[in-house]
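What follows is a single structure, written as C-alpha cells, with notes after it.
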Amino acid sequence: MRRAVSIALKIPDNTAYTALVALRRLGVLVGRVERSEIYLFDDERDAAELTDGILADETIFNPNKHRLMLLERDAPGRGEAWIEPLVASNCGPAAIAWRLLDEAGAPVERAVLTAAVERLLCNPAIDRPLIGKG
C-alpha cells in the first residue's frame, strides 16, 4: 500500500513567503502560500506504526520545527501542486507540495494554480508538476 506523508514547517517558512511575493509580482492572485515535503512509503504497516517510525527518524523529522500529516491520497488535493524531480532520488522527499490559497483562505482555482506552476514553482528542465483536481 502506498502512503503519502506531508512534513511541513511549524515555524515561519521564508521560502513560502518568498514564493508568495514573487507570484504576486508575476500577476498570480494568491493570498497565501504553504509548502511541505512529500514522502511516499510503500508500506503495509498501519498508520500509527508508520507515523511512529517517521517521528523517530531524525533525518526527515525534527519535532521542534516540523509537523507531520498522513495524507488520505498519494496525489495533490484541490489548490495544490506537487513538484517532483524528473530524476528520482533515493533520499529526501519525493516531491515538494505547494498549496495556494486565495484571500478568503480557500484553495485557488485550477487556472491560478497552473499559472503559478508555469511562472515560478516548476522548472520543466528538471521537474514534473502534478496539479490537483479542482
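Quick note on naming: the chains in the C-alpha cells go A, B, ... in the order shown, residues restart at 1 in each chain, and ligands are numbered from 1 in order of appearance.
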Cut-off 9 Å: closest region 44-109 of chain A/region 29-33 of chain A atom pairs per residue, using only C-alpha atoms, as a Markdown table:
```
| residue | atom | partner | partner_atom | distance |
| --- | --- | --- | --- | --- |
| A:Trp98 | CA | A:Val33 | CA | 6.9 |
| A:Arg99 | CA | A:Val33 | CA | 5.8 |
| A:Leu100 | CA | A:Val33 | CA | 4.8 |
| A:Leu101 | CA | A:Arg32 | CA | 5.1 |
| A:Asp102 | CA | A:Gly31 | CA | 4.5 |
| A:Glu103 | CA | A:Gly31 | CA | 4.2 |
| A:Ala104 | CA | A:Gly31 | CA | 7.5 |
| A:Gly105 | CA | A:Gly31 | CA | 7.2 |
| A:Val108 | CA | A:Val30 | CA | 7.4 |
```
Can you pull out every residue from region 28-126 of chain A that DSSP, working from the backbone, puts in helix (DSSP H, G or I), and format the result as number ranges by chain? A: 47-55, 110-121
Could you go through chain A and tell me which residues DSSP, when run on the backbone, assigns to strand (DSSP E or B), listing them as number ranges by chain? A: 2-9, 32-42, 66-70, 80-85, 95-101, 107, 127-131
With distances taken over only C-alpha atoms, which residue among A:Cys122, A:Ala19, A:Ile96, A:Ala115 lies nearest Ala4 (chain A)?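 Comparing A:Cys122, A:Ala19, A:Ile96, A:Ala115 against Ala4 (chain A), the winner is A:Ile96.
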Need to verify the contact set: Arg3 (chain A), 12 Å, only C-alpha atoms, exclusion of same-chain residues closer than 4 positions in sequence. Can you return it as a VMD selection string? chain A and resid 38 to 47 50 to 51 69 to 75 94
Would you mind exporting the chosen residues as a compact mmCIF listing (two decimals), in the first residue's frame, restricted to N, CA and C atoms?
```
# COMPACT_ATOMS: atom_id res chain seq x y z
N ILE A 38 6.82 16.07 0.59
CA ILE A 38 6.00 14.87 0.48
C ILE A 38 6.93 13.66 0.43
N TYR A 39 6.69 12.73 1.33
CA TYR A 39 7.40 11.45 1.34
C TYR A 39 6.40 10.36 1.01
N LEU A 40 6.79 9.45 0.15
CA LEU A 40 5.93 8.33 -0.23
C LEU A 40 6.51 7.04 0.34
N PHE A 41 5.66 6.22 0.91
CA PHE A 41 6.07 4.97 1.52
C PHE A 41 5.24 3.82 0.96
N ASP A 42 5.89 2.80 0.46
CA ASP A 42 5.23 1.55 0.10
C ASP A 42 5.34 0.68 1.33
N ASP A 43 4.29 0.66 2.10
CA ASP A 43 4.40 0.10 3.44
C ASP A 43 3.09 -0.55 3.84
N GLU A 44 3.17 -1.70 4.48
CA GLU A 44 1.98 -2.41 4.95
C GLU A 44 1.67 -2.14 6.42
N ARG A 45 2.53 -1.33 7.07
CA ARG A 45 2.26 -1.01 8.48
C ARG A 45 0.99 -0.18 8.60
N ASP A 46 0.37 -0.24 9.78
CA ASP A 46 -0.80 0.61 9.98
C ASP A 46 -0.33 2.05 10.16
N ALA A 47 -1.28 2.97 10.14
CA ALA A 47 -0.97 4.40 10.17
C ALA A 47 -0.17 4.80 11.40
N LEU A 50 3.51 3.58 11.06
CA LEU A 50 4.22 4.39 10.07
C LEU A 50 4.55 5.76 10.64
N THR A 51 3.58 6.39 11.27
CA THR A 51 3.79 7.71 11.87
C THR A 51 4.87 7.64 12.95
N MET A 69 1.73 15.11 8.72
CA MET A 69 0.34 14.77 8.43
C MET A 69 0.32 13.59 7.46
N LEU A 70 -0.36 12.53 7.84
CA LEU A 70 -0.56 11.38 6.96
C LEU A 70 -1.70 11.74 6.02
N LEU A 71 -1.43 11.74 4.72
CA LEU A 71 -2.42 12.17 3.74
C LEU A 71 -3.36 11.03 3.37
N GLU A 72 -4.57 11.38 3.01
CA GLU A 72 -5.56 10.38 2.61
C GLU A 72 -5.27 9.82 1.22
N ARG A 73 -4.66 10.64 0.36
CA ARG A 73 -4.37 10.23 -1.01
C ARG A 73 -2.88 10.44 -1.30
N ASP A 74 -2.39 9.75 -2.32
CA ASP A 74 -1.00 9.95 -2.73
C ASP A 74 -0.94 10.81 -3.99
N ALA A 75 -1.78 11.86 -3.99
CA ALA A 75 -1.85 12.81 -5.09
C ALA A 75 -2.23 14.18 -4.51
N ALA A 94 9.96 12.95 -1.99
CA ALA A 94 9.57 12.56 -3.35
C ALA A 94 9.07 13.76 -4.14
```
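Checking A:Leu23, A:Leu55, A:Leu68, A:Ala88 one by one against Leu113 (chain A), counting only C-alpha atoms, you find the shortest gap at A:Leu23.
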Residues near Trp82 (chain A), anyone? I mean within 10 Å using only C-alpha atoms, not counting same-chain ones fewer than 2 positions away, as a ChimeraX atom specification. /A:35-38,75-77,80,84-85,94-99,117,121-122,127-132
Quick one: write out the picked residues with C-alpha atoms as a PDB file, in the first residue's frame?
```pdb
ATOM      1  CA  ARG A  35       4.891  24.485   1.329  1.00  0.00           C
ATOM      2  CA  SER A  36       5.651  20.982   2.553  1.00  0.00           C
ATOM      3  CA  GLU A  37       7.786  17.991   1.693  1.00  0.00           C
ATOM      4  CA  ILE A  38       6.005  14.873   0.482  1.00  0.00           C
ATOM      5  CA  ALA A  75      -1.847  12.814  -5.088  1.00  0.00           C
ATOM      6  CA  PRO A  76      -2.214  16.580  -4.699  1.00  0.00           C
ATOM      7  CA  GLY A  77      -5.509  17.973  -3.499  1.00  0.00           C
ATOM      8  CA  GLU A  80      -2.226  22.093  -4.536  1.00  0.00           C
ATOM      9  CA  GLU A  84       8.598  16.067  -8.444  1.00  0.00           C
ATOM     10  CA  PRO A  85      12.176  15.840  -9.708  1.00  0.00           C
ATOM     11  CA  ALA A  94       9.569  12.560  -3.346  1.00  0.00           C
ATOM     12  CA  ALA A  95       8.037  15.979  -4.070  1.00  0.00           C
ATOM     13  CA  ILE A  96       7.572  19.492  -2.783  1.00  0.00           C
ATOM     14  CA  ALA A  97       3.929  20.376  -2.248  1.00  0.00           C
ATOM     15  CA  TRP A  98       2.758  23.932  -2.846  1.00  0.00           C
ATOM     16  CA  ARG A  99      -0.707  24.802  -1.577  1.00  0.00           C
ATOM     17  CA  VAL A 117       3.382  26.351 -11.616  1.00  0.00           C
ATOM     18  CA  LEU A 121       7.088  26.841  -8.991  1.00  0.00           C
ATOM     19  CA  CYS A 122       8.318  24.327 -11.576  1.00  0.00           C
ATOM     20  CA  ASP A 127      10.888  18.961 -12.521  1.00  0.00           C
ATOM     21  CA  ARG A 128       7.490  17.483 -13.296  1.00  0.00           C
ATOM     22  CA  PRO A 129       4.355  19.079 -11.869  1.00  0.00           C
ATOM     23  CA  LEU A 130       1.352  17.168 -10.565  1.00  0.00           C
ATOM     24  CA  ILE A 131      -1.598  19.539 -10.285  1.00  0.00           C
ATOM     25  CA  GLY A 132      -4.534  18.790  -8.037  1.00  0.00           C
TER      26      GLY A 132
END
```
Record the distance separating CA of His66 (chain A) and CA of Ser6 (chain A), expressed in Å with one decimal.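 It comes out at 9.9 Å.
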Expressed in Å to a single decimal, how great is the separation between CA of Pro107 (chain A) and CA of Gly79 (chain A)?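 These two atoms are separated by 4.4 Å.
From CA of Leu120 (chain A) back to CA of Asn90 (chain A), the distance works out to 25.6 Å.
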